[in-house]
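Engineer: Structure file run-v7.cif (mmCIF, C-alpha atoms) is given on the next line.
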```
data_final
#
loop_
_atom_site.label_atom_id
_atom_site.label_comp_id
_atom_site.auth_asym_id
_atom_site.auth_seq_id
_atom_site.Cartn_x
_atom_site.Cartn_y
_atom_site.Cartn_z
CA MET W 684 69.71 101.93 26.95
CA ALA W 685 70.74 102.26 23.30
CA ILE W 686 68.72 104.54 21.06
CA GLY W 687 68.45 103.79 17.34
CA ALA W 688 67.42 105.58 14.16
CA VAL W 689 66.52 103.75 10.96
CA PHE W 690 66.40 105.93 7.86
CA ASP W 691 64.88 105.38 4.47
CA CYS W 692 67.31 106.35 1.70
CA ASP W 693 65.60 107.74 -1.42
CA GLY W 694 63.57 110.85 -0.75
CA THR W 695 64.60 110.83 2.92
CA LEU W 696 68.40 110.94 3.19
CA LEU W 697 69.12 111.33 -0.52
CA ASP W 698 67.47 113.86 -2.78
CA SER W 699 67.09 111.17 -5.43
CA MET W 700 63.43 110.76 -6.30
CA GLU W 701 63.75 112.84 -9.47
CA ALA W 702 66.33 110.35 -10.77
CA TRP W 703 63.82 107.53 -10.25
CA HIS W 704 61.18 109.51 -12.13
CA ILE W 705 63.56 110.03 -15.06
CA VAL W 706 64.29 106.29 -15.27
CA GLN W 707 60.57 105.53 -14.99
CA SER W 708 59.83 107.96 -17.83
CA ASP W 709 62.48 106.31 -20.01
CA LEU W 710 61.03 102.84 -19.38
CA ALA W 711 57.53 104.09 -20.14
CA LYS W 712 58.73 105.51 -23.48
CA ARG W 713 60.26 102.14 -24.37
CA ALA W 714 56.85 100.56 -23.73
CA GLY W 715 55.04 103.21 -25.74
CA ILE W 716 53.10 104.48 -22.72
CA VAL W 717 53.02 107.77 -20.84
CA SER W 718 54.74 107.99 -17.46
CA THR W 719 52.07 109.26 -15.05
CA ASP W 720 51.72 109.98 -11.34
CA GLU W 721 49.49 106.91 -11.18
CA LEU W 722 52.36 104.75 -12.48
CA THR W 723 54.69 106.27 -9.87
CA VAL W 724 52.24 105.40 -7.09
CA GLU W 725 51.76 101.93 -8.60
CA LEU W 726 55.49 101.20 -8.54
CA GLY W 727 56.23 102.94 -5.22
CA PRO W 728 55.87 99.99 -2.80
CA MET W 729 57.60 97.52 -5.14
CA THR W 730 61.13 96.14 -4.94
CA ILE W 731 63.26 96.51 -8.10
CA PRO W 732 62.62 92.86 -9.16
CA GLU W 733 58.89 93.33 -8.52
CA ALA W 734 58.89 96.55 -10.57
CA GLY W 735 60.77 94.82 -13.39
CA ALA W 736 58.30 91.93 -13.46
CA HIS W 737 55.32 94.29 -13.27
CA LEU W 738 56.53 96.60 -16.05
CA HIS W 739 57.23 93.65 -18.32
CA ALA W 740 54.01 91.74 -17.58
CA LYS W 741 51.60 94.68 -17.64
CA TYR W 742 53.23 97.08 -20.11
CA GLY W 743 55.53 94.88 -22.20
CA VAL W 744 58.75 96.66 -21.25
CA GLY W 745 61.87 94.65 -22.21
CA VAL W 746 62.24 91.06 -23.36
CA ASP W 747 61.66 89.78 -19.83
CA ALA W 748 61.65 90.98 -16.20
CA ASP W 749 65.43 90.60 -15.84
CA ASP W 750 65.93 92.81 -18.89
CA VAL W 751 63.85 95.55 -17.24
CA VAL W 752 65.89 95.27 -14.03
CA SER W 753 69.07 95.68 -16.11
CA MET W 754 67.62 98.84 -17.69
CA ILE W 755 66.82 100.25 -14.24
CA ASP W 756 70.28 99.33 -12.93
CA GLU W 757 72.04 101.02 -15.83
CA GLY W 758 70.35 104.38 -15.26
CA MET W 759 70.31 104.35 -11.47
CA LEU W 760 73.86 103.19 -10.80
CA GLU W 761 75.20 106.01 -12.95
CA TYR W 762 73.17 108.44 -10.84
CA TYR W 763 74.17 107.04 -7.44
CA ARG W 764 77.87 106.85 -8.31
CA ASN W 765 78.19 110.30 -9.82
CA HIS W 766 75.29 112.56 -8.84
CA ALA W 767 73.71 111.49 -5.51
CA GLU W 768 73.35 114.36 -3.04
CA PRO W 769 71.95 114.48 0.51
CA ARG W 770 68.70 116.26 1.20
CA PRO W 771 69.37 119.65 2.80
CA GLY W 772 70.25 119.17 6.46
CA ALA W 773 70.18 115.36 6.32
CA LEU W 774 73.93 114.73 6.58
CA GLY W 775 74.37 117.18 9.45
CA PHE W 776 71.44 115.61 11.29
CA VAL W 777 72.80 112.06 10.99
CA GLU W 778 76.28 113.22 11.98
CA ALA W 779 74.85 114.97 15.05
CA LEU W 780 72.92 111.84 16.08
CA ASN W 781 76.11 109.82 15.75
CA GLU W 782 77.99 112.26 17.99
CA LEU W 783 75.21 112.02 20.58
CA GLY W 784 75.54 108.23 20.71
CA VAL W 785 72.47 107.33 18.64
CA SER W 786 73.01 104.26 16.45
CA CYS W 787 72.03 105.00 12.84
CA SER W 788 71.21 102.68 9.95
CA VAL W 789 69.47 102.64 6.58
CA ALA W 790 66.61 100.35 5.52
CA SER W 791 65.72 100.81 1.87
CA SER W 792 63.83 99.36 -1.07
CA SER W 793 66.86 100.05 -3.28
CA PRO W 794 69.47 97.35 -4.00
CA GLN W 795 72.71 97.28 -2.01
CA SER W 796 74.74 98.41 -5.03
CA TYR W 797 72.69 101.63 -5.25
CA LEU W 798 72.82 102.21 -1.50
CA GLN W 799 76.55 101.64 -1.10
CA ALA W 800 77.37 103.96 -4.00
CA GLY W 801 74.91 106.73 -3.17
CA LEU W 802 75.39 106.84 0.59
CA ALA W 803 79.18 106.86 0.19
CA ARG W 804 79.10 109.65 -2.38
CA ALA W 805 76.78 111.76 -0.21
CA GLY W 806 78.97 111.26 2.88
CA PHE W 807 76.67 109.15 5.10
CA THR W 808 78.62 105.88 5.29
CA PRO W 809 80.92 106.76 8.24
CA TYR W 810 77.90 107.42 10.46
CA LEU W 811 75.94 104.23 9.70
CA ASP W 812 76.09 100.98 11.66
CA ALA W 813 74.12 99.07 9.05
CA ILE W 814 72.76 99.40 5.51
CA VAL W 815 69.95 96.95 4.74
CA SER W 816 68.10 96.44 1.46
CA VAL W 817 64.77 94.70 1.04
CA ASP W 818 66.71 92.35 -1.26
CA ASP W 819 68.75 91.20 1.76
CA VAL W 820 65.66 90.05 3.66
CA GLY W 821 63.41 88.97 0.79
CA ALA W 822 60.49 91.21 1.75
CA SER W 823 59.31 94.66 0.73
CA LYS W 824 58.57 97.50 3.14
CA ARG W 825 54.99 96.34 3.31
CA ASP W 826 56.54 93.99 5.88
CA PRO W 827 58.70 95.20 8.84
CA THR W 828 61.49 92.63 8.28
CA VAL W 829 63.89 95.10 6.64
CA PHE W 830 63.47 97.56 9.52
CA ASN W 831 63.79 94.79 12.11
CA GLN W 832 67.03 93.58 10.53
CA ALA W 833 68.51 97.10 10.67
CA CYS W 834 67.42 97.31 14.30
CA LYS W 835 69.03 93.94 15.07
CA LEU W 836 72.33 94.97 13.47
CA MET W 837 72.37 98.19 15.50
CA GLY W 838 71.61 96.29 18.69
CA THR W 839 68.64 98.47 19.62
CA ARG W 840 65.14 97.58 20.75
CA ILE W 841 62.23 98.34 18.43
CA ASP W 842 60.51 100.51 21.05
CA GLU W 843 63.73 102.54 21.46
CA THR W 844 64.25 103.03 17.72
CA TRP W 845 62.97 105.84 15.49
CA GLY W 846 61.98 105.19 11.88
CA PHE W 847 62.42 108.07 9.41
CA GLU W 848 60.38 107.77 6.19
CA ASP W 849 58.92 109.88 3.39
CA SER W 850 56.54 107.13 2.20
CA LEU W 851 53.14 106.77 3.84
CA TYR W 852 52.91 103.01 3.31
CA ALA W 853 56.33 102.45 4.96
CA LEU W 854 55.41 104.71 7.90
CA LEU W 855 52.32 102.59 8.43
CA THR W 856 54.50 99.45 8.47
CA LEU W 857 56.83 101.01 11.05
CA LYS W 858 53.94 102.17 13.20
CA ARG W 859 52.27 98.76 13.23
CA ALA W 860 55.60 97.14 14.17
CA GLY W 861 56.03 99.35 17.24
CA TYR W 862 58.64 101.88 16.10
CA LYS W 863 58.52 105.56 16.94
CA THR W 864 58.13 107.39 13.66
CA VAL W 865 59.18 110.56 11.87
CA GLY W 866 57.54 111.53 8.58
CA ILE W 867 59.91 113.55 6.36
CA TYR W 868 57.77 115.07 3.61
CA ASP W 869 59.20 114.83 0.09
CA SER W 870 56.39 114.48 -2.46
CA ASP W 871 52.63 114.10 -2.51
CA LEU W 872 53.18 110.94 -4.56
CA ALA W 873 54.84 109.30 -1.55
CA GLY W 874 52.34 110.80 0.88
CA THR W 875 50.98 114.29 1.49
CA PHE W 876 52.22 116.17 4.52
CA ASP W 877 48.80 115.84 6.16
CA GLN W 878 48.80 112.07 5.58
CA LEU W 879 52.28 111.71 7.08
CA ALA W 880 51.32 113.91 10.05
CA GLU W 881 48.26 111.77 10.74
CA VAL W 882 50.38 108.60 11.04
CA ALA W 883 53.79 109.71 12.35
CA ASP W 884 54.72 110.71 15.88
CA VAL W 885 56.60 113.65 14.35
CA ALA W 886 56.13 115.13 10.86
CA VAL W 887 58.35 117.75 9.24
CA ARG W 888 59.04 119.18 5.81
CA ALA W 889 62.81 119.49 6.30
CA PHE W 890 65.58 118.19 8.56
CA ASN W 891 66.31 121.65 9.94
CA GLU W 892 62.99 121.40 11.80
CA LEU W 893 64.41 118.55 13.90
CA ASP W 894 66.61 118.85 17.00
CA PRO W 895 68.99 115.84 17.20
CA ARG W 896 69.07 116.10 21.00
CA THR W 897 65.36 115.22 21.12
CA PHE W 898 66.11 111.79 19.66
CA ALA W 899 69.09 111.07 21.93
CA GLU W 900 67.15 111.52 25.17
#
```
Go ahead and render the structure in this file as structure tokens.
Structural biologist:
Amino acid sequence: MAIGAVFDCDGTLLDSMEAWHIVQSDLAKRAGIVSTDELTVELGPMTIPEAGAHLHAKYGVGVDADDVVSMIDEGMLEYYRNHAEPRPGALGFVEALNELGVSCSVASSSPQSYLQAGLARAGFTPYLDAIVSVDDVGASKRDPTVFNQACKLMGTRIDETWGFEDSLYALLTLKRAGYKTVGIYDSDLAGTFDQLAEVADVAVRAFNELDPRTFAE
């Protein structure tokens, strides 16, 4: 029976959340507001188009929602193409799973252009059977569709697939959908370690706490 692993990208495989915070801060300045932790939490579950519409409607950023999305794209694509790096231990872990016969994929709230650029630069692409964005399925991670699509493309059953996430709300989605779950702590803004541990089957602060063989059995 095939075993699968679906990974979040930002904050899980890629050490990229700081780049998102920098872009958020820049957008807040353009709107004449202060970028706060509350704003980060507010935007966290949103897709890029949803965030663009929200920032324009609520805070007056840009001339319209599409303009805000263009601002986000400009800053983030430069980061993913030229600066994206894996979280410590993440690349070795995914490579080891691949060697053990575990199918690996990515399900992310980021657009495909970000994912393709960042995952290639950080070295993950050769080990992935699928890369799925919420934009591809038309639903955010509040809904399991993006995870289910990754699972379908890998050819694995949901109950034989592990979901790796740093965000509490996405872990809850995975859990409700029947996936086995791993909480990878990144930031209290995405979910405290205690919150992740309460929901996930396994919770760790770093990839070096995980044994790839455990997930291949």
Engineer: Check which residues of range 852-885 of chain W sit at most 10 Å from range 809-829 of chain W using all atoms listed in the file, and return one row each with the closest pair of atoms and their distance in Å to one decimal, ordered by chain and rising number, as a Markdown table.
Structural biologist:
```
| residue | atom | partner | partner_atom | distance |
| --- | --- | --- | --- | --- |
| W:Tyr852 | CA | W:Arg825 | CA | 7.0 |
| W:Ala853 | CA | W:Lys824 | CA | 5.7 |
| W:Leu854 | CA | W:Lys824 | CA | 9.2 |
| W:Leu855 | CA | W:Arg825 | CA | 8.5 |
| W:Thr856 | CA | W:Pro827 | CA | 6.0 |
| W:Leu857 | CA | W:Pro827 | CA | 6.5 |
| W:Lys858 | CA | W:Pro827 | CA | 9.5 |
| W:Arg859 | CA | W:Pro827 | CA | 8.6 |
| W:Ala860 | CA | W:Pro827 | CA | 6.5 |
| W:Gly861 | CA | W:Pro827 | CA | 9.7 |
| W:Tyr862 | CA | W:Pro827 | CA | 9.9 |
```
Engineer: Starting from the displayed file, determine the output of the PyMOL selection byres ((chain W and resi 771-784) around 7) and express the residue list as a ChimeraX atom specification.
Structural biologist: /W:696,769-770,785-787,807,810,890-891,895,899
Engineer: Here is a test: counting all atoms listed in the file, which residue of W:Asp877, W:Asp698, W:Glu848, W:Asp869 is nearest to Glu768 in chain W?
Structural biologist: W:Asp698
Engineer: For the file shown, report as a list in words the outcome of the PyMOL selection byres ((chain W and resi 767) around 7) at residue level.
Structural biologist: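 On the file shown, the PyMOL selection byres ((chain W and resi 767) around 7) covers Leu697, Ser699, Tyr762, Tyr763, Arg764, Asn765, His766, Glu768, Pro769, Gly801, Arg804 and Ala805 of chain W.
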Engineer: Could you write out as a PyMOL selection string the residues that the PyMOL selection byres ((chain W and resi 742-747) around 12) matches in the shown file?
Structural biologist: chain W and resi 707-718+722+732+734-741+748-755
Engineer: Using only C-alpha atoms, which residue out of W:Gly866, W:Pro794, W:Pro728, W:Gly874 lies closest to Asp756 in chain W?
Structural biologist: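 Checking each candidate against Asp756 in chain W, we get W:Pro794 as the closest.
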Engineer: How far is it from CA of Leu726 in chain W to CA of Leu851 in chain W, in Å with one decimal?
Structural biologist: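 CA of Leu851 in chain W lies 13.8 Å from CA of Leu726 in chain W.
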Engineer: Rank nothing, just name the residue among W:Thr897, W:Ala800, W:Met837, W:Leu872 nearest to Thr719 in chain W, using only C-alpha atoms.
Structural biologist: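 Ranking W:Thr897, W:Ala800, W:Met837, W:Leu872 by distance to Thr719 in chain W, first place goes to W:Leu872.
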Engineer: Please provide as JSON, numbers by chain all residues within 6 Å of Trp845 in chain W, with the sequence filter that same-chain residues fewer than 4 positions apart are discarded (counting only C-alpha atoms).
Structural biologist: {"W": [688, 862, 863, 864]}
